[in-house]
>>> print(open('model12.cif').read())   # mmCIF, N, CA and C atoms
data_data
#
loop_
_atom_site.group_PDB
_atom_site.id
_atom_site.type_symbol
_atom_site.label_atom_id
_atom_site.label_comp_id
_atom_site.auth_asym_id
_atom_site.auth_seq_id
_atom_site.Cartn_x
_atom_site.Cartn_y
_atom_site.Cartn_z
ATOM 1 N N MET A 212 81.720 24.809 50.354
ATOM 2 C CA MET A 212 81.588 26.070 49.657
ATOM 3 C C MET A 212 81.679 25.819 48.159
ATOM 4 N N ARG A 213 80.548 25.867 47.528
ATOM 5 C CA ARG A 213 80.536 25.623 46.097
ATOM 6 C C ARG A 213 80.319 26.939 45.352
ATOM 7 N N THR A 214 80.634 26.923 44.091
ATOM 8 C CA THR A 214 80.461 28.096 43.247
ATOM 9 C C THR A 214 79.150 27.963 42.495
ATOM 10 N N ASP A 215 78.334 29.009 42.558
ATOM 11 C CA ASP A 215 77.087 29.004 41.793
ATOM 12 C C ASP A 215 77.409 29.060 40.308
ATOM 13 N N ASN A 216 76.584 28.420 39.483
ATOM 14 C CA ASN A 216 76.875 28.306 38.052
ATOM 15 C C ASN A 216 76.793 29.637 37.313
ATOM 16 N N ASN A 217 76.239 30.662 37.920
ATOM 17 C CA ASN A 217 76.137 31.974 37.286
ATOM 18 C C ASN A 217 77.250 32.934 37.725
ATOM 19 N N GLN A 218 78.153 32.479 38.571
ATOM 20 C CA GLN A 218 79.192 33.362 39.105
ATOM 21 C C GLN A 218 80.125 33.904 38.022
ATOM 22 N N GLU A 219 80.609 33.041 37.144
ATOM 23 C CA GLU A 219 81.573 33.485 36.129
ATOM 24 C C GLU A 219 80.988 34.581 35.244
ATOM 25 N N GLU A 220 79.759 34.416 34.818
ATOM 26 C CA GLU A 220 79.105 35.415 33.977
ATOM 27 C C GLU A 220 78.976 36.751 34.712
ATOM 28 N N ILE A 221 78.596 36.699 35.967
ATOM 29 C CA ILE A 221 78.430 37.923 36.763
ATOM 30 C C ILE A 221 79.771 38.609 36.969
ATOM 31 N N VAL A 222 80.783 37.851 37.331
ATOM 32 C CA VAL A 222 82.114 38.426 37.559
ATOM 33 C C VAL A 222 82.643 39.064 36.276
ATOM 34 N N ASN A 223 82.509 38.389 35.145
ATOM 35 C CA ASN A 223 82.981 38.944 33.867
ATOM 36 C C ASN A 223 82.273 40.242 33.533
ATOM 37 N N ALA A 224 80.966 40.300 33.735
ATOM 38 C CA ALA A 224 80.206 41.519 33.432
ATOM 39 C C ALA A 224 80.639 42.672 34.330
ATOM 40 N N LEU A 225 80.839 42.406 35.611
ATOM 41 C CA LEU A 225 81.287 43.458 36.529
ATOM 42 C C LEU A 225 82.656 43.995 36.127
ATOM 43 N N ARG A 226 83.549 43.095 35.774
ATOM 44 C CA ARG A 226 84.888 43.529 35.363
ATOM 45 C C ARG A 226 84.853 44.317 34.060
ATOM 46 N N GLN A 227 83.979 43.940 33.138
ATOM 47 C CA GLN A 227 83.842 44.673 31.876
ATOM 48 C C GLN A 227 83.358 46.099 32.110
ATOM 49 N N CYS A 228 82.653 46.314 33.202
ATOM 50 C CA CYS A 228 82.166 47.659 33.545
ATOM 51 C C CYS A 228 83.213 48.483 34.276
ATOM 52 N N GLY A 229 84.369 47.896 34.543
ATOM 53 C CA GLY A 229 85.447 48.615 35.201
ATOM 54 C C GLY A 229 85.556 48.355 36.691
ATOM 55 N N ALA A 230 84.756 47.444 37.219
ATOM 56 C CA ALA A 230 84.827 47.127 38.645
ATOM 57 C C ALA A 230 85.995 46.185 38.913
ATOM 58 N N THR A 231 86.551 46.285 40.098
ATOM 59 C CA THR A 231 87.479 45.271 40.561
ATOM 60 C C THR A 231 86.653 44.263 41.349
ATOM 61 N N VAL A 232 86.962 42.994 41.140
ATOM 62 C CA VAL A 232 86.174 41.932 41.759
ATOM 63 C C VAL A 232 87.108 40.934 42.417
ATOM 64 N N GLU A 233 86.875 40.703 43.680
ATOM 65 C CA GLU A 233 87.603 39.656 44.401
ATOM 66 C C GLU A 233 86.605 38.549 44.716
ATOM 67 N N ILE A 234 86.917 37.348 44.263
ATOM 68 C CA ILE A 234 86.052 36.198 44.520
ATOM 69 C C ILE A 234 86.411 35.650 45.891
ATOM 70 N N THR A 235 85.436 35.663 46.784
ATOM 71 C CA THR A 235 85.698 35.329 48.185
ATOM 72 C C THR A 235 84.840 34.166 48.682
ATOM 73 N N ASN A 236 84.287 33.388 47.756
ATOM 74 C CA ASN A 236 83.407 32.305 48.190
ATOM 75 C C ASN A 236 84.136 31.209 48.958
ATOM 76 N N GLN A 237 85.447 31.154 48.884
ATOM 77 C CA GLN A 237 86.215 30.167 49.642
ATOM 78 C C GLN A 237 86.625 30.689 51.018
ATOM 79 N N GLN A 238 86.262 31.917 51.326
ATOM 80 C CA GLN A 238 86.610 32.531 52.608
ATOM 81 C C GLN A 238 85.999 31.756 53.779
ATOM 82 N N GLY A 239 84.790 31.282 53.588
ATOM 83 C CA GLY A 239 84.134 30.496 54.630
ATOM 84 C C GLY A 239 83.439 31.342 55.678
ATOM 85 N N ASN A 240 82.855 30.681 56.628
ATOM 86 C CA ASN A 240 82.159 31.315 57.750
ATOM 87 C C ASN A 240 81.049 32.254 57.310
ATOM 88 N N GLY A 241 80.427 31.966 56.173
ATOM 89 C CA GLY A 241 79.292 32.762 55.718
ATOM 90 C C GLY A 241 79.649 34.029 54.970
ATOM 91 N N PHE A 242 80.955 34.255 54.739
ATOM 92 C CA PHE A 242 81.360 35.467 54.025
ATOM 93 C C PHE A 242 80.786 35.441 52.612
ATOM 94 N N PRO A 243 80.307 36.586 52.100
ATOM 95 C CA PRO A 243 79.715 36.627 50.752
ATOM 96 C C PRO A 243 80.685 36.203 49.654
ATOM 97 N N ASP A 244 80.117 35.899 48.494
ATOM 98 C CA ASP A 244 80.875 35.368 47.363
ATOM 99 C C ASP A 244 81.814 36.368 46.717
ATOM 100 N N LEU A 245 81.422 37.633 46.678
ATOM 101 C CA LEU A 245 82.210 38.643 45.963
ATOM 102 C C LEU A 245 82.380 39.915 46.779
ATOM 103 N N VAL A 246 83.548 40.528 46.634
ATOM 104 C CA VAL A 246 83.763 41.908 47.066
ATOM 105 C C VAL A 246 84.029 42.678 45.786
ATOM 106 N N VAL A 247 83.204 43.690 45.535
ATOM 107 C CA VAL A 247 83.253 44.436 44.277
ATOM 108 C C VAL A 247 83.507 45.907 44.593
ATOM 109 N N GLY A 248 84.513 46.467 43.940
ATOM 110 C CA GLY A 248 84.828 47.882 44.135
ATOM 111 C C GLY A 248 84.649 48.653 42.839
ATOM 112 N N ILE A 249 83.930 49.768 42.932
ATOM 113 C CA ILE A 249 83.769 50.658 41.780
ATOM 114 C C ILE A 249 83.315 52.028 42.281
ATOM 115 N N PHE A 250 83.788 53.066 41.645
ATOM 116 C CA PHE A 250 83.440 54.443 41.992
ATOM 117 C C PHE A 250 83.744 54.760 43.459
ATOM 118 N N GLY A 251 84.791 54.140 44.012
ATOM 119 C CA GLY A 251 85.185 54.398 45.390
ATOM 120 C C GLY A 251 84.309 53.729 46.435
ATOM 121 N N ILE A 252 83.465 52.821 46.014
ATOM 122 C CA ILE A 252 82.549 52.127 46.932
ATOM 123 C C ILE A 252 82.786 50.626 46.820
ATOM 124 N N ASN A 253 82.744 49.950 47.957
ATOM 125 C CA ASN A 253 82.864 48.495 47.993
ATOM 126 C C ASN A 253 81.487 47.882 48.225
ATOM 127 N N HIS A 254 81.209 46.791 47.539
ATOM 128 C CA HIS A 254 79.934 46.088 47.654
ATOM 129 C C HIS A 254 80.208 44.617 47.974
ATOM 130 N N LEU A 255 79.484 44.087 48.925
ATOM 131 C CA LEU A 255 79.533 42.652 49.202
ATOM 132 C C LEU A 255 78.345 42.018 48.507
ATOM 133 N N MET A 256 78.597 40.958 47.736
ATOM 134 C CA MET A 256 77.527 40.306 46.975
ATOM 135 C C MET A 256 77.517 38.812 47.245
ATOM 136 N N GLU A 257 76.346 38.313 47.528
ATOM 137 C CA GLU A 257 76.113 36.875 47.673
ATOM 138 C C GLU A 257 75.357 36.427 46.437
ATOM 139 N N ILE A 258 75.955 35.520 45.675
ATOM 140 C CA ILE A 258 75.345 35.042 44.436
ATOM 141 C C ILE A 258 74.499 33.815 44.729
ATOM 142 N N LYS A 259 73.310 33.821 44.205
ATOM 143 C CA LYS A 259 72.431 32.659 44.264
ATOM 144 C C LYS A 259 71.941 32.380 42.849
ATOM 145 N N ASN A 260 71.584 31.136 42.588
ATOM 146 C CA ASN A 260 70.978 30.846 41.294
ATOM 147 C C ASN A 260 69.487 30.637 41.506
ATOM 148 N N LYS A 261 68.753 30.459 40.431
ATOM 149 C CA LYS A 261 67.293 30.410 40.542
ATOM 150 C C LYS A 261 66.800 29.278 41.425
ATOM 151 N N ASP A 262 67.598 28.225 41.572
ATOM 152 C CA ASP A 262 67.183 27.099 42.405
ATOM 153 C C ASP A 262 67.326 27.366 43.898
ATOM 154 N N ASN A 263 68.218 28.292 44.263
ATOM 155 C CA ASN A 263 68.413 28.556 45.685
ATOM 156 C C ASN A 263 68.325 30.031 46.034
ATOM 157 N N TYR A 264 67.687 30.836 45.184
ATOM 158 C CA TYR A 264 67.619 32.277 45.424
ATOM 159 C C TYR A 264 66.918 32.551 46.751
ATOM 160 N N GLY A 265 67.538 33.339 47.561
ATOM 161 C CA GLY A 265 66.983 33.707 48.847
ATOM 162 C C GLY A 265 67.268 32.713 49.952
ATOM 163 N N LYS A 266 67.855 31.579 49.607
ATOM 164 C CA LYS A 266 68.147 30.558 50.608
ATOM 165 C C LYS A 266 69.586 30.719 51.087
ATOM 166 N N LEU A 267 69.727 31.240 52.269
ATOM 167 C CA LEU A 267 71.049 31.399 52.855
ATOM 168 C C LEU A 267 71.323 30.243 53.797
ATOM 169 N N SER A 268 72.582 29.851 53.864
ATOM 170 C CA SER A 268 72.970 28.828 54.830
ATOM 171 C C SER A 268 72.926 29.443 56.230
ATOM 172 N N VAL A 269 72.999 28.602 57.224
ATOM 173 C CA VAL A 269 73.003 29.091 58.605
ATOM 174 C C VAL A 269 74.186 30.028 58.825
ATOM 175 N N LYS A 270 75.364 29.649 58.334
ATOM 176 C CA LYS A 270 76.545 30.510 58.494
ATOM 177 C C LYS A 270 76.367 31.843 57.777
ATOM 178 N N GLN A 271 75.745 31.826 56.594
ATOM 179 C CA GLN A 271 75.498 33.068 55.864
ATOM 180 C C GLN A 271 74.528 33.964 56.621
ATOM 181 N N MET A 272 73.501 33.379 57.232
ATOM 182 C CA MET A 272 72.543 34.172 58.007
ATOM 183 C C MET A 272 73.203 34.788 59.235
ATOM 184 N N ILE A 273 74.050 34.023 59.900
ATOM 185 C CA ILE A 273 74.759 34.548 61.076
ATOM 186 C C ILE A 273 75.670 35.698 60.658
ATOM 187 N N PHE A 274 76.429 35.508 59.577
ATOM 188 C CA PHE A 274 77.316 36.570 59.089
ATOM 189 C C PHE A 274 76.506 37.812 58.742
ATOM 190 N N ARG A 275 75.416 37.636 57.973
ATOM 191 C CA ARG A 275 74.561 38.759 57.577
ATOM 192 C C ARG A 275 74.037 39.513 58.795
ATOM 193 N N ASP A 276 73.594 38.789 59.788
ATOM 194 C CA ASP A 276 73.013 39.427 60.968
ATOM 195 C C ASP A 276 74.049 40.188 61.793
ATOM 196 N N LYS A 277 75.312 39.767 61.751
ATOM 197 C CA LYS A 277 76.375 40.451 62.496
ATOM 198 C C LYS A 277 76.989 41.609 61.705
ATOM 199 N N TRP A 278 76.916 41.533 60.370
ATOM 200 C CA TRP A 278 77.561 42.532 59.510
ATOM 201 C C TRP A 278 76.815 43.852 59.603
ATOM 202 N N LYS A 279 77.532 44.941 59.775
ATOM 203 C CA LYS A 279 76.904 46.250 59.952
ATOM 204 C C LYS A 279 76.704 47.008 58.650
ATOM 205 N N GLY A 280 77.075 46.378 57.560
ATOM 206 C CA GLY A 280 76.867 46.968 56.242
ATOM 207 C C GLY A 280 75.871 46.146 55.453
ATOM 208 N N LYS A 281 75.735 46.487 54.199
ATOM 209 C CA LYS A 281 74.780 45.836 53.301
ATOM 210 C C LYS A 281 75.448 44.666 52.588
ATOM 211 N N ILE A 282 74.724 43.571 52.482
ATOM 212 C CA ILE A 282 75.133 42.436 51.659
ATOM 213 C C ILE A 282 74.052 42.252 50.610
ATOM 214 N N HIS A 283 74.428 42.356 49.350
ATOM 215 C CA HIS A 283 73.473 42.280 48.248
ATOM 216 C C HIS A 283 73.306 40.840 47.806
ATOM 217 N N LEU A 284 72.082 40.392 47.750
ATOM 218 C CA LEU A 284 71.747 39.065 47.264
ATOM 219 C C LEU A 284 71.415 39.206 45.780
ATOM 220 N N ILE A 285 72.197 38.556 44.920
ATOM 221 C CA ILE A 285 72.008 38.719 43.483
ATOM 222 C C ILE A 285 71.874 37.364 42.806
ATOM 223 N N GLU A 286 71.204 37.388 41.669
ATOM 224 C CA GLU A 286 71.023 36.170 40.882
ATOM 225 C C GLU A 286 71.524 36.329 39.449
ATOM 226 N N THR A 287 71.435 37.541 38.913
ATOM 227 C CA THR A 287 71.736 37.763 37.505
ATOM 228 C C THR A 287 72.756 38.889 37.323
ATOM 229 N N VAL A 288 73.255 38.995 36.099
ATOM 230 C CA VAL A 288 74.123 40.113 35.738
ATOM 231 C C VAL A 288 73.385 41.424 35.975
ATOM 232 N N ASP A 289 72.128 41.499 35.575
ATOM 233 C CA ASP A 289 71.351 42.727 35.781
ATOM 234 C C ASP A 289 71.280 43.102 37.257
ATOM 235 N N ASP A 290 71.085 42.111 38.124
ATOM 236 C CA ASP A 290 71.059 42.386 39.565
ATOM 237 C C ASP A 290 72.377 43.019 40.010
ATOM 238 N N ALA A 291 73.487 42.445 39.570
ATOM 239 C CA ALA A 291 74.808 42.932 39.970
ATOM 240 C C ALA A 291 75.053 44.348 39.458
ATOM 241 N N LEU A 292 74.665 44.602 38.212
ATOM 242 C CA LEU A 292 74.877 45.929 37.637
ATOM 243 C C LEU A 292 74.023 46.980 38.328
ATOM 244 N N LYS A 293 72.831 46.618 38.747
ATOM 245 C CA LYS A 293 71.978 47.553 39.497
ATOM 246 C C LYS A 293 72.640 47.916 40.817
ATOM 247 N N VAL A 294 73.242 46.946 41.472
ATOM 248 C CA VAL A 294 73.925 47.205 42.742
ATOM 249 C C VAL A 294 75.015 48.247 42.568
ATOM 250 N N ILE A 295 75.802 48.134 41.503
ATOM 251 C CA ILE A 295 76.918 49.068 41.312
ATOM 252 C C ILE A 295 76.511 50.333 40.560
ATOM 253 N N GLY A 296 75.267 50.410 40.137
ATOM 254 C CA GLY A 296 74.777 51.628 39.486
ATOM 255 C C GLY A 296 75.187 51.780 38.040
ATOM 256 N N VAL A 297 75.333 50.668 37.341
ATOM 257 C CA VAL A 297 75.722 50.689 35.927
ATOM 258 C C VAL A 297 74.621 50.028 35.103
ATOM 259 N N ASN A 298 74.265 50.668 34.008
ATOM 260 C CA ASN A 298 73.294 50.094 33.076
ATOM 261 C C ASN A 298 73.984 49.785 31.768
ATOM 262 N N LEU A 299 73.762 48.610 31.254
ATOM 263 C CA LEU A 299 74.321 48.249 29.946
ATOM 264 C C LEU A 299 73.253 48.285 28.895
#
>>> encode(input="model12.cif", output="structure tokens")
Amino acid sequence: MRTDNNQEEIVNALRQCGATVEITNQQGNGFPDLVVGIFGINHLMEIKNKDNYGKLSVKQMIFRDKWKGKIHLIETVDDALKVIGVNL
């Protein structure tokens, strides 16, 4: 379980917007990288960088297919802010 090189920037931007962010990439078993809470809503986010965007591991695909909620695949700060409904 490695950290994508864009994670710190995304997490900082989300927190600056008032979101609470729990980094969960060490959770394992395909669990998404971030749990983000804002405006009473929780969002699961899987961070990818441009080299692996859209490429999920087998464990991530299994988790996604079993999860009954939405998992957002993001690459940039803009992607993350769109998910939470904030424009900078």
>>> closest_residue(input="model12.cif", among="A:Gly241, A:Cys228, A:Val222, A:Lys261", to="Val297 (chain A)", atoms="only N, CA and C atoms")
A:Cys228
>>> resolve_selection(input="model12.cif", expression="the PyMOL selection byres ((chain A and resi 282-290) around 6.5)", output="PyMOL selection string")
chain A and resi 220-221+254-261+280-281+291-295
>>> atom_distance(input="model12.cif", atom1="atom N of Gly239 (chain A)", atom2="atom C of Trp278 (chain A)")
16.1 Å
>>> select_by_dssp(input="model12.cif", residues="chain A", states="alpha helix (DSSP H)", output="MDAnalysis selection string")
chainID A and resid 218:227 269:277 288:295
>>> resolve_selection(input="model12.cif", expression="the PyMOL selection byres ((chain A and resi 245) around 8)", output="list of chain:residue names")
A:Val232, A:Glu233, A:Ile234, A:Thr235, A:Asn236, A:Gln237, A:Phe242, A:Pro243, A:Asp244, A:Val246, A:Val247, A:Gly248, A:His254, A:Leu255, A:Met256, A:Glu257, A:Ile258
>>> write_last_selection(input="model12.cif", atoms="N, CA and C atoms", output="PDB file, in the frame of the given file")
ATOM      1  N   VAL A 232      86.962  42.994  41.140  1.00  0.00           N
ATOM      2  CA  VAL A 232      86.174  41.932  41.759  1.00  0.00           C
ATOM      3  C   VAL A 232      87.108  40.934  42.417  1.00  0.00           C
ATOM      4  N   GLU A 233      86.875  40.703  43.680  1.00  0.00           N
ATOM      5  CA  GLU A 233      87.603  39.656  44.401  1.00  0.00           C
ATOM      6  C   GLU A 233      86.605  38.549  44.716  1.00  0.00           C
ATOM      7  N   ILE A 234      86.917  37.348  44.263  1.00  0.00           N
ATOM      8  CA  ILE A 234      86.052  36.198  44.520  1.00  0.00           C
ATOM      9  C   ILE A 234      86.411  35.650  45.891  1.00  0.00           C
ATOM     10  N   THR A 235      85.436  35.663  46.784  1.00  0.00           N
ATOM     11  CA  THR A 235      85.698  35.329  48.185  1.00  0.00           C
ATOM     12  C   THR A 235      84.840  34.166  48.682  1.00  0.00           C
ATOM     13  N   ASN A 236      84.287  33.388  47.756  1.00  0.00           N
ATOM     14  CA  ASN A 236      83.407  32.305  48.190  1.00  0.00           C
ATOM     15  C   ASN A 236      84.136  31.209  48.958  1.00  0.00           C
ATOM     16  N   GLN A 237      85.447  31.154  48.884  1.00  0.00           N
ATOM     17  CA  GLN A 237      86.215  30.167  49.642  1.00  0.00           C
ATOM     18  C   GLN A 237      86.625  30.689  51.018  1.00  0.00           C
ATOM     19  N   PHE A 242      80.955  34.255  54.739  1.00  0.00           N
ATOM     20  CA  PHE A 242      81.360  35.467  54.025  1.00  0.00           C
ATOM     21  C   PHE A 242      80.786  35.441  52.612  1.00  0.00           C
ATOM     22  N   PRO A 243      80.307  36.586  52.100  1.00  0.00           N
ATOM     23  CA  PRO A 243      79.715  36.627  50.752  1.00  0.00           C
ATOM     24  C   PRO A 243      80.685  36.203  49.654  1.00  0.00           C
ATOM     25  N   ASP A 244      80.117  35.899  48.494  1.00  0.00           N
ATOM     26  CA  ASP A 244      80.875  35.368  47.363  1.00  0.00           C
ATOM     27  C   ASP A 244      81.814  36.368  46.717  1.00  0.00           C
ATOM     28  N   VAL A 246      83.548  40.528  46.634  1.00  0.00           N
ATOM     29  CA  VAL A 246      83.763  41.908  47.066  1.00  0.00           C
ATOM     30  C   VAL A 246      84.029  42.678  45.786  1.00  0.00           C
ATOM     31  N   VAL A 247      83.204  43.690  45.535  1.00  0.00           N
ATOM     32  CA  VAL A 247      83.253  44.436  44.277  1.00  0.00           C
ATOM     33  C   VAL A 247      83.507  45.907  44.593  1.00  0.00           C
ATOM     34  N   GLY A 248      84.513  46.467  43.940  1.00  0.00           N
ATOM     35  CA  GLY A 248      84.828  47.882  44.135  1.00  0.00           C
ATOM     36  C   GLY A 248      84.649  48.653  42.839  1.00  0.00           C
ATOM     37  N   HIS A 254      81.209  46.791  47.539  1.00  0.00           N
ATOM     38  CA  HIS A 254      79.934  46.088  47.654  1.00  0.00           C
ATOM     39  C   HIS A 254      80.208  44.617  47.974  1.00  0.00           C
ATOM     40  N   LEU A 255      79.484  44.087  48.925  1.00  0.00           N
ATOM     41  CA  LEU A 255      79.533  42.652  49.202  1.00  0.00           C
ATOM     42  C   LEU A 255      78.345  42.018  48.507  1.00  0.00           C
ATOM     43  N   MET A 256      78.597  40.958  47.736  1.00  0.00           N
ATOM     44  CA  MET A 256      77.527  40.306  46.975  1.00  0.00           C
ATOM     45  C   MET A 256      77.517  38.812  47.245  1.00  0.00           C
ATOM     46  N   GLU A 257      76.346  38.313  47.528  1.00  0.00           N
ATOM     47  CA  GLU A 257      76.113  36.875  47.673  1.00  0.00           C
ATOM     48  C   GLU A 257      75.357  36.427  46.437  1.00  0.00           C
ATOM     49  N   ILE A 258      75.955  35.520  45.675  1.00  0.00           N
ATOM     50  CA  ILE A 258      75.345  35.042  44.436  1.00  0.00           C
ATOM     51  C   ILE A 258      74.499  33.815  44.729  1.00  0.00           C
TER      52      ILE A 258
END
>>> atom_distance(input="model12.cif", atom1="CA of Arg226 (chain A)", atom2="CA of Gly265 (chain A)")
24.5 Å
>>> atom_distance(input="model12.cif", atom1="atom C of Ile252 (chain A)", atom2="atom C of Asp276 (chain A)")
20.2 Å
>>> select_by_dssp(input="model12.cif", residues="chain A", states="strand (DSSP E)", output="short mmCIF file (atom, residue, chain, number, x, y, z; two decimals) with N, CA and C atoms, in the frame of the given file")
data_model
loop_
_atom_site.label_atom_id
_atom_site.label_comp_id
_atom_site.auth_asym_id
_atom_site.auth_seq_id
_atom_site.Cartn_x
_atom_site.Cartn_y
_atom_site.Cartn_z
N THR A 231 86.55 46.28 40.10
CA THR A 231 87.48 45.27 40.56
C THR A 231 86.65 44.26 41.35
N VAL A 232 86.96 42.99 41.14
CA VAL A 232 86.17 41.93 41.76
C VAL A 232 87.11 40.93 42.42
N GLU A 233 86.88 40.70 43.68
CA GLU A 233 87.60 39.66 44.40
C GLU A 233 86.60 38.55 44.72
N ILE A 234 86.92 37.35 44.26
CA ILE A 234 86.05 36.20 44.52
C ILE A 234 86.41 35.65 45.89
N LEU A 245 81.42 37.63 46.68
CA LEU A 245 82.21 38.64 45.96
C LEU A 245 82.38 39.92 46.78
N VAL A 246 83.55 40.53 46.63
CA VAL A 246 83.76 41.91 47.07
C VAL A 246 84.03 42.68 45.79
N VAL A 247 83.20 43.69 45.54
CA VAL A 247 83.25 44.44 44.28
C VAL A 247 83.51 45.91 44.59
N GLY A 248 84.51 46.47 43.94
CA GLY A 248 84.83 47.88 44.14
C GLY A 248 84.65 48.65 42.84
N ILE A 249 83.93 49.77 42.93
CA ILE A 249 83.77 50.66 41.78
C ILE A 249 83.32 52.03 42.28
N ILE A 252 83.46 52.82 46.01
CA ILE A 252 82.55 52.13 46.93
C ILE A 252 82.79 50.63 46.82
N ASN A 253 82.74 49.95 47.96
CA ASN A 253 82.86 48.50 47.99
C ASN A 253 81.49 47.88 48.22
N HIS A 254 81.21 46.79 47.54
CA HIS A 254 79.93 46.09 47.65
C HIS A 254 80.21 44.62 47.97
N LEU A 255 79.48 44.09 48.92
CA LEU A 255 79.53 42.65 49.20
C LEU A 255 78.34 42.02 48.51
N MET A 256 78.60 40.96 47.74
CA MET A 256 77.53 40.31 46.98
C MET A 256 77.52 38.81 47.24
N GLU A 257 76.35 38.31 47.53
CA GLU A 257 76.11 36.88 47.67
C GLU A 257 75.36 36.43 46.44
N ILE A 258 75.96 35.52 45.68
CA ILE A 258 75.34 35.04 44.44
C ILE A 258 74.50 33.82 44.73
N ILE A 282 74.72 43.57 52.48
CA ILE A 282 75.13 42.44 51.66
C ILE A 282 74.05 42.25 50.61
N HIS A 283 74.43 42.36 49.35
CA HIS A 283 73.47 42.28 48.25
C HIS A 283 73.31 40.84 47.81
N LEU A 284 72.08 40.39 47.75
CA LEU A 284 71.75 39.06 47.26
C LEU A 284 71.42 39.21 45.78
N ILE A 285 72.20 38.56 44.92
CA ILE A 285 72.01 38.72 43.48
C ILE A 285 71.87 37.36 42.81
#
